[in-house]
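So this block is model_26.tsv, TSV, C-alpha atoms:
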```
chain	number	residue	atom	x	y	z
A	1	MET	CA	134.04	74.25	92.96
A	2	LYS	CA	136.93	72.76	94.95
A	3	ARG	CA	137.51	76.09	96.73
A	4	ARG	CA	133.82	76.46	97.60
A	5	PHE	CA	133.68	72.90	98.86
A	6	SER	CA	136.76	73.32	100.99
A	7	VAL	CA	135.44	76.55	102.51
A	8	PHE	CA	132.14	74.86	103.29
A	9	THR	CA	133.95	71.92	104.83
A	10	ILE	CA	136.00	74.18	107.07
A	11	LEU	CA	132.96	76.14	108.19
A	12	ASN	CA	131.09	72.90	108.75
A	13	TYR	CA	133.83	71.52	111.00
A	14	VAL	CA	134.09	74.80	112.89
A	15	VAL	CA	130.36	74.99	113.54
A	16	LEU	CA	130.19	71.34	114.60
A	17	ALA	CA	133.21	71.81	116.86
A	18	LEU	CA	131.57	74.80	118.54
A	19	ILE	CA	128.33	72.89	119.04
A	20	GLY	CA	130.26	69.93	120.45
A	21	PHE	CA	132.23	72.19	122.78
A	22	SER	CA	129.04	73.86	124.02
A	23	MET	CA	127.75	70.41	125.02
A	24	VAL	CA	130.98	69.22	126.65
A	25	TYR	CA	131.87	72.43	128.50
A	26	PRO	CA	129.17	72.14	131.22
A	27	PHE	CA	130.74	68.81	132.25
A	28	ILE	CA	134.19	70.42	132.35
A	29	TYR	CA	132.83	73.29	134.43
A	30	ILE	CA	131.14	70.96	136.93
A	31	LEU	CA	134.21	68.73	137.16
A	32	ALA	CA	136.46	71.74	137.83
A	33	TYR	CA	134.23	72.95	140.65
A	34	SER	CA	133.96	69.46	142.17
A	35	LEU	CA	137.77	69.12	142.29
A	36	ASN	CA	138.32	72.60	143.73
A	37	ASP	CA	138.29	73.65	147.38
A	38	GLY	CA	134.74	74.63	148.28
A	39	LYS	CA	135.55	77.91	150.04
A	40	ASP	CA	137.94	78.89	147.27
A	41	SER	CA	135.19	78.16	144.70
A	42	MET	CA	133.07	80.88	146.29
A	43	MET	CA	135.47	83.41	144.77
A	44	GLY	CA	134.31	82.33	141.31
A	45	SER	CA	136.35	82.61	138.09
A	46	LEU	CA	136.65	78.83	137.62
A	47	TYR	CA	136.24	77.94	133.97
A	48	PHE	CA	138.36	74.96	132.92
A	49	LEU	CA	140.75	73.81	135.68
A	50	PRO	CA	140.51	73.80	139.49
A	51	ARG	CA	142.41	76.60	141.19
A	52	LYS	CA	142.95	74.73	144.45
A	53	TRP	CA	142.88	70.97	143.86
A	54	THR	CA	141.25	68.76	146.47
A	55	LEU	CA	139.33	65.50	146.80
A	56	ASP	CA	137.64	66.54	150.04
A	57	ASN	CA	134.32	67.09	148.28
A	58	TYR	CA	134.23	63.50	147.00
A	59	ALA	CA	135.44	62.17	150.35
A	60	GLU	CA	132.64	64.01	152.13
A	61	VAL	CA	130.08	62.67	149.65
A	62	PHE	CA	131.22	59.04	149.97
A	63	GLU	CA	131.33	59.26	153.77
A	64	ASN	CA	127.63	60.10	153.83
A	65	ALA	CA	125.64	56.89	154.44
A	66	ARG	CA	122.46	58.47	153.05
A	67	ILE	CA	124.10	59.00	149.68
A	68	TRP	CA	125.10	55.33	149.45
A	69	GLN	CA	121.52	54.32	150.29
A	70	ALA	CA	120.14	56.76	147.72
A	71	TYR	CA	122.58	55.45	145.12
A	72	LYS	CA	121.42	51.88	145.83
A	73	ILE	CA	117.76	52.87	145.42
A	74	THR	CA	118.51	54.60	142.12
A	75	LEU	CA	120.50	51.64	140.82
A	76	LEU	CA	117.82	49.12	141.83
A	77	ARG	CA	114.94	51.10	140.36
A	78	THR	CA	116.86	51.59	137.12
A	79	LEU	CA	117.74	47.91	136.71
A	80	ILE	CA	114.39	46.48	137.82
A	81	GLY	CA	112.31	49.16	136.13
A	82	THR	CA	114.17	48.87	132.83
A	83	PHE	CA	113.98	45.07	132.79
A	84	LEU	CA	110.25	44.96	133.54
A	85	HIS	CA	109.41	47.84	131.19
A	86	VAL	CA	111.28	46.35	128.24
A	87	GLY	CA	109.97	42.85	128.91
A	88	LEU	CA	106.30	43.83	129.20
A	89	SER	CA	106.49	46.32	126.32
A	90	THR	CA	108.07	43.73	124.04
A	91	LEU	CA	105.42	41.14	124.90
A	92	MET	CA	102.62	43.61	124.20
A	93	ALA	CA	104.24	44.84	120.99
A	94	TYR	CA	104.74	41.27	119.79
A	95	ALA	CA	101.05	40.52	120.34
A	96	LEU	CA	99.92	43.74	118.62
A	97	SER	CA	102.16	43.05	115.63
A	98	LYS	CA	100.01	40.00	114.76
A	99	LYS	CA	97.18	40.84	112.37
A	100	ALA	CA	95.27	37.75	113.51
A	101	LEU	CA	95.04	38.98	117.12
A	102	PRO	CA	91.34	39.30	118.13
A	103	GLY	CA	90.51	42.86	119.16
A	104	ARG	CA	93.83	44.20	117.91
A	105	SER	CA	92.38	47.62	117.00
A	106	PHE	CA	90.62	47.92	120.35
A	107	PHE	CA	93.77	47.15	122.34
A	108	SER	CA	95.80	49.59	120.23
A	109	PHE	CA	93.26	52.35	120.88
A	110	TYR	CA	93.03	51.40	124.57
A	111	ILE	CA	96.76	51.88	125.17
A	112	PHE	CA	96.78	55.02	123.01
A	113	LEU	CA	93.93	56.74	124.90
A	114	PRO	CA	95.95	57.62	128.07
A	115	THR	CA	98.46	59.51	125.93
A	116	ILE	CA	95.71	61.96	124.90
A	117	PHE	CA	93.96	62.53	128.23
A	118	SER	CA	95.62	63.04	131.59
A	119	ALA	CA	93.71	63.36	134.86
A	120	GLY	CA	96.40	65.48	136.48
A	121	PHE	CA	98.64	65.26	139.51
A	122	ILE	CA	96.04	64.98	142.28
A	123	PRO	CA	94.00	62.10	140.75
A	124	PHE	CA	97.25	60.32	139.93
A	125	PHE	CA	98.42	60.74	143.53
A	126	ILE	CA	95.10	59.41	144.83
A	127	THR	CA	95.39	56.40	142.49
A	128	LEU	CA	98.85	55.61	143.81
A	129	GLN	CA	97.55	55.99	147.36
A	130	LYS	CA	94.64	53.60	146.75
A	131	LEU	CA	97.09	51.09	145.28
A	132	HIS	CA	99.24	51.42	148.43
A	133	LEU	CA	102.26	52.52	146.39
A	134	ILE	CA	102.93	55.78	148.23
A	135	ASN	CA	106.12	55.64	150.29
A	136	THR	CA	107.17	52.28	148.81
A	137	PHE	CA	109.92	51.26	146.40
A	138	TRP	CA	107.41	50.16	143.74
A	139	VAL	CA	106.12	53.69	143.27
A	140	TYR	CA	109.24	54.19	141.14
A	141	VAL	CA	108.69	51.07	139.00
A	142	ILE	CA	105.00	50.37	138.42
A	143	PRO	CA	103.90	53.80	137.08
A	144	MET	CA	106.68	53.64	134.49
A	145	LEU	CA	105.94	50.15	133.17
A	146	PHE	CA	103.91	51.51	130.26
A	147	SER	CA	104.87	53.78	127.36
A	148	PHE	CA	102.80	53.92	124.20
A	149	MET	CA	105.66	55.38	122.19
A	150	HIS	CA	107.97	52.51	123.10
A	151	ILE	CA	105.30	49.94	122.22
A	152	VAL	CA	104.81	51.57	118.82
A	153	ILE	CA	108.56	51.52	118.14
A	154	LEU	CA	108.78	47.86	119.11
A	155	ARG	CA	105.66	46.90	117.14
A	156	THR	CA	106.94	48.66	114.03
A	157	PHE	CA	110.22	46.79	114.26
A	158	LEU	CA	108.58	43.40	114.90
A	159	GLN	CA	106.25	43.85	111.94
A	160	GLY	CA	109.33	44.01	109.71
A	161	ILE	CA	110.54	40.54	110.73
A	162	PRO	CA	109.65	38.05	107.95
A	163	GLU	CA	106.73	35.80	108.84
A	164	GLU	CA	108.51	32.90	107.12
A	165	LEU	CA	110.84	32.66	110.12
A	166	GLU	CA	107.96	32.00	112.49
A	167	GLU	CA	106.26	29.61	110.05
A	168	SER	CA	109.42	27.53	109.72
A	169	ALA	CA	109.78	27.49	113.52
A	170	ARG	CA	106.19	26.28	113.93
A	171	ILE	CA	106.91	23.47	111.48
A	172	ASP	CA	109.78	22.46	113.79
A	173	GLY	CA	107.34	22.31	116.70
A	174	TYR	CA	108.00	25.68	118.36
A	175	GLY	CA	105.23	27.36	120.34
A	176	ASP	CA	104.57	31.08	120.66
A	177	PHE	CA	106.81	31.59	123.69
A	178	GLN	CA	109.62	29.54	122.15
A	179	ILE	CA	109.42	31.60	118.97
A	180	PHE	CA	109.44	34.78	121.02
A	181	ALA	CA	112.42	33.74	123.16
A	182	ARG	CA	114.58	32.01	120.53
A	183	ILE	CA	113.82	34.01	117.37
A	184	ILE	CA	112.19	37.36	118.10
A	185	LEU	CA	114.36	38.49	121.02
A	186	PRO	CA	117.74	37.68	119.37
A	187	LEU	CA	116.69	39.61	116.24
A	188	SER	CA	115.46	42.58	118.28
A	189	GLY	CA	118.78	43.51	119.91
A	190	PRO	CA	119.12	47.03	118.41
A	191	VAL	CA	115.57	48.16	119.18
A	192	LEU	CA	115.66	46.62	122.67
A	193	ALA	CA	118.89	48.50	123.39
A	194	THR	CA	117.22	51.70	122.19
A	195	ILE	CA	114.19	51.26	124.45
A	196	SER	CA	116.42	50.23	127.36
A	197	LEU	CA	118.44	53.42	126.97
A	198	PHE	CA	115.29	55.56	126.83
A	199	ILE	CA	113.65	54.11	129.93
A	200	GLY	CA	116.93	53.61	131.81
A	201	VAL	CA	117.86	57.29	131.51
A	202	SER	CA	114.30	58.24	132.54
A	203	HIS	CA	114.58	56.14	135.70
A	204	TRP	CA	118.07	57.40	136.49
A	205	ASN	CA	117.19	61.08	136.08
A	206	ASP	CA	113.79	61.01	137.82
A	207	TRP	CA	113.74	63.12	140.97
A	208	PHE	CA	110.03	64.04	140.97
A	209	SER	CA	108.75	60.69	142.29
A	210	GLY	CA	111.10	60.71	145.26
A	211	ALA	CA	110.22	64.28	146.11
A	212	TYR	CA	106.41	63.96	146.05
A	213	TYR	CA	105.55	60.28	146.54
A	214	VAL	CA	108.11	59.19	149.15
A	215	SER	CA	108.76	60.57	152.63
A	216	ASN	CA	110.93	57.71	153.92
A	217	LYS	CA	114.54	58.92	153.80
A	218	ASN	CA	115.76	55.37	153.12
A	219	LEU	CA	113.80	55.29	149.85
A	220	ILE	CA	114.99	58.62	148.44
A	221	PRO	CA	116.86	58.26	145.11
A	222	VAL	CA	120.08	60.08	144.46
A	223	GLN	CA	118.49	62.57	142.05
A	224	THR	CA	116.03	63.70	144.71
A	225	MET	CA	118.91	64.08	147.16
A	226	LEU	CA	120.72	66.17	144.54
A	227	GLN	CA	117.65	68.40	144.27
A	228	GLU	CA	117.62	68.79	148.05
A	229	MET	CA	121.30	69.74	148.00
A	230	LEU	CA	120.52	72.33	145.33
A	231	THR	CA	117.95	73.89	147.65
A	232	GLN	CA	120.46	73.85	150.53
A	233	ALA	CA	123.12	75.44	148.33
A	234	GLU	CA	120.75	78.24	147.37
A	235	ALA	CA	119.86	78.79	151.04
A	236	PHE	CA	123.55	78.83	151.98
A	237	SER	CA	124.31	81.35	149.24
A	238	SER	CA	121.54	83.63	150.47
A	239	SER	CA	122.79	83.34	154.08
A	240	ALA	CA	126.36	84.13	153.01
A	241	GLN	CA	125.22	87.23	151.17
A	242	ARG	CA	123.19	88.45	154.14
A	243	ALA	CA	126.12	87.82	156.48
A	244	ALA	CA	128.45	89.76	154.20
A	245	GLN	CA	126.04	92.68	154.09
A	246	GLN	CA	125.77	92.68	157.90
A	247	GLY	CA	129.44	93.16	158.58
A	248	GLY	CA	131.53	90.48	156.97
A	249	GLN	CA	130.44	87.61	159.21
A	250	THR	CA	131.09	84.13	157.86
A	251	VAL	CA	128.70	81.24	157.71
A	252	ASN	CA	129.86	77.94	159.13
A	253	THR	CA	129.26	75.17	156.59
A	254	GLY	CA	130.09	72.38	159.02
A	255	VAL	CA	132.60	70.85	156.58
A	256	GLN	CA	136.27	71.75	156.44
A	257	GLY	CA	137.02	73.27	153.03
A	258	SER	CA	133.66	72.23	151.56
A	259	THR	CA	130.43	74.05	150.89
A	260	PRO	CA	126.96	72.84	149.89
A	261	GLU	CA	127.69	74.05	146.36
A	262	SER	CA	130.96	72.10	146.03
A	263	LEU	CA	129.34	68.97	147.50
A	264	ARG	CA	126.50	69.33	145.03
A	265	MET	CA	128.97	69.48	142.15
A	266	ALA	CA	130.73	66.35	143.40
A	267	LEU	CA	127.43	64.49	143.76
A	268	LEU	CA	126.43	65.66	140.28
A	269	VAL	CA	129.59	64.15	138.79
A	270	ILE	CA	128.99	60.88	140.63
A	271	THR	CA	125.37	60.85	139.43
A	272	VAL	CA	126.15	61.48	135.76
A	273	PHE	CA	129.23	59.23	135.56
A	274	PRO	CA	127.42	55.83	135.27
A	275	ILE	CA	125.26	57.01	132.35
A	276	LEU	CA	128.31	58.41	130.58
A	277	CYS	CA	130.00	55.02	130.96
A	278	VAL	CA	127.04	53.01	129.69
A	279	TYR	CA	126.04	55.20	126.75
A	280	PRO	CA	129.12	54.56	124.51
A	281	PHE	CA	128.47	50.80	124.63
A	282	LEU	CA	124.80	51.25	123.65
A	283	GLN	CA	125.30	54.02	121.11
A	284	ARG	CA	125.79	51.77	118.07
A	285	PHE	CA	122.67	49.76	118.96
A	286	PHE	CA	120.82	52.99	119.69
A	287	VAL	CA	121.61	54.52	116.27
A	288	LYS	CA	120.79	51.28	114.47
A	289	GLY	CA	117.50	50.85	116.30
A	290	VAL	CA	116.38	54.41	115.60
A	291	MET	CA	117.30	54.13	111.91
A	292	ILE	CA	115.46	50.83	111.54
A	293	GLY	CA	112.36	52.29	113.14
A	294	SER	CA	112.50	55.40	110.95
A	295	VAL	CA	112.92	53.48	107.70
A	296	LYS	CA	110.26	50.86	108.40
A	297	GLY	CA	107.86	53.30	110.08
```
How would this structure read if it were set down as structure tokens?
Amino acid sequence: MKRRFSVFTILNYVVLALIGFSMVYPFIYILAYSLNDGKDSMMGSLYFLPRKWTLDNYAEVFENARIWQAYKITLLRTLIGTFLHVGLSTLMAYALSKKALPGRSFFSFYIFLPTIFSAGFIPFFITLQKLHLINTFWVYVIPMLFSFMHIVILRTFLQGIPEELEESARIDGYGDFQIFARIILPLSGPVLATISLFIGVSHWNDWFSGAYYVSNKNLIPVQTMLQEMLTQAEAFSSSAQRAAQQGGQTVNTGVQGSTPESLRMALLVITVFPILCVYPFLQRFFVKGVMIGSVKG
């Protein structure tokens, strides 16, 4: 039995190590390309370490004023959108967790109905246009204020808080908003961190809204700019291949030692870095919140 257990343990660690490596390696690959000379990267064969170290790619990215503006838009929409989403979802979940709420079943069905039926892209675009949200900053925030799944998670957690706490607070003279602010919110730290991580990552990674609902270059988020750079990199690669087939002519990138592909890799590292920094601090709350919801659900 000891030998079988030890063999299983070894295989288990090996399999988990391979899975972990498969998840970490794309970041290593991107980091190696971002720290390598762009023209040298076109030769390929970069796997773990840069072949020709340089910081020109990052310097070129940070010198671009549009990227700083896009980064500011992404940061603002993530902070404002996450705060409003969590606040409104928690208020709604707190109300729906009360059995004495008049029309509780109706409201629950009303917020559940949009998750079943979707009108599609064109009606949604027309709705945003009628609300005068197209080509404004709030087109990033308002459509993402609601999530039925997040409300259900919050409601399930709040239903597990003992009612005796609220009853004792009412005896002390607390009102509903005082109970919510001084008792419910402090006890809901893990689940609030979980929802904040969910919606925060969604805001940070969203490129679709900037690509289809905004034409003002000053309102483009960094993810949409990254998608544009991906398109430019593909166009540059196609032009380089055609030039090579036509007699070895070179394509001028306009940047000394950099290419659209290397700049895209540098921007990708800069885009992912903030989430990688925040996630370790929220991970313990995230795991706790998910486990609480799964046990009480």
### Task
With a distance cut-off of 9 Å and all atoms listed in the file, select the neighbouring residues of Trp204 (chain A), excluding the residue or stretch itself and same-chain residues fewer than 4 positions from it, and output the selection as a PyMOL selection string.
chain A and resi 74-75+77-78+199-200+221-223+271+275
### Message
Please compute the CA of Ile134 (chain A)-CA of Ile195 (chain A) distance, one decimal, in Å.
### Response
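These two atoms are separated by 26.7 Å.
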### Long-range neighbours of Arg264 (chain A) as a list in words, 9 Å cut-off, all atoms listed in the file, 4 positions minimum in chain
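Within the cut-off, the hits are Ser34, Asn57, Val61, Leu226, Gln227, Met229, Leu230, Ala233, Thr259, Pro260, Leu268 and Val269 of chain A.
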### Task
Could you tell me which of A:Leu131, A:Met149, A:Ile171, A:Leu88 comes closest to Phe198 (chain A) if we count only C-alpha atoms?
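For Phe198 (chain A), the nearest of the candidates is A:Met149.
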## Note on the structure
One residue among A:Phe121, A:Ser97, A:Leu128, A:Leu84 is nearest to Glu163 (chain A) when using all atoms listed in the file, and that residue is A:Ser97
### Query
Which value, in Å to one decimal, gives the distance between CA of Ser45 (chain A) and CA of Thr231 (chain A)?
22.5 Å
### Which residue of A:Ala181, A:Leu154, A:Ile67, A:Ile142 approaches Thr90 (chain A) most closely, using all atoms listed in the file
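Counting all atoms listed in the file, the residue closest to Thr90 (chain A) is A:Leu154.
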### Query
Interatomic distance between CA of Gln129 (chain A) and CA of Lys217 (chain A)?
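Taking CA of Gln129 (chain A) as the start and CA of Lys217 (chain A) as the end point, the length is 18.4 Å.
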### Query
Which of these, A:Ala95, A:Val139, A:Met144, A:Ile122, has the shortest distance to Asp176 (chain A) once you count all atoms listed in the file?
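Going through A:Ala95, A:Val139, A:Met144, A:Ile122 one by one, the smallest distance to Asp176 (chain A) is for A:Ala95.
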Build an axis-aligned box that encloses every atom of region 202-220 of chain A listed in the file, pad it by 5 Å on each side, and report its centre and edge lengths in Å to one decimal, as lines of an AutoDock Vina configuration file.
```
center_x = 111.8
center_y = 59.8
center_z = 143.2
size_x = 22.5
size_y = 19.0
size_z = 31.4
```
### Message
Which residues are close to region 104-113 of chain A, i.e. within 10 Å by all atoms listed in the file, leaving aside same-chain residues fewer than 5 positions away? Reply as a PyMOL selection string.
### Response
chain A and resi 92-93+95-99+118+146-149+151-152
### Message
For Ile183 (chain A), find every residue with an atom within 10 Å (counting all atoms listed in the file), except residues of its own chain fewer than 3 positions away, and show them as a VMD selection string.
### Response
chain A and resid 161 165 to 166 169 177 to 180 186 to 188
Export, as a PDB file, in the coordinates of the input, the selected residues with C-alpha atoms.
```
ATOM      1  CA  ILE A 161     110.540  40.540 110.730  1.00  0.00           C
ATOM      2  CA  LEU A 165     110.840  32.660 110.120  1.00  0.00           C
ATOM      3  CA  GLU A 166     107.960  32.000 112.490  1.00  0.00           C
ATOM      4  CA  ALA A 169     109.780  27.490 113.520  1.00  0.00           C
ATOM      5  CA  PHE A 177     106.810  31.590 123.690  1.00  0.00           C
ATOM      6  CA  GLN A 178     109.620  29.540 122.150  1.00  0.00           C
ATOM      7  CA  ILE A 179     109.420  31.600 118.970  1.00  0.00           C
ATOM      8  CA  PHE A 180     109.440  34.780 121.020  1.00  0.00           C
ATOM      9  CA  PRO A 186     117.740  37.680 119.370  1.00  0.00           C
ATOM     10  CA  LEU A 187     116.690  39.610 116.240  1.00  0.00           C
ATOM     11  CA  SER A 188     115.460  42.580 118.280  1.00  0.00           C
TER      12      SER A 188
END
```
### Summary
Judged by only C-alpha atoms, the minimum distance to Glu261 (chain A) among A:Glu63, A:Asp206, A:Glu167, A:Glu228 is found for A:Glu228
### Query
So, counting only C-alpha atoms, which residue among A:Ile73, A:Ile80, A:Met42, A:Ala17 is closest to Ile220 (chain A)?
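Selected residue with least distance to Ile220 (chain A): A:Ile73.
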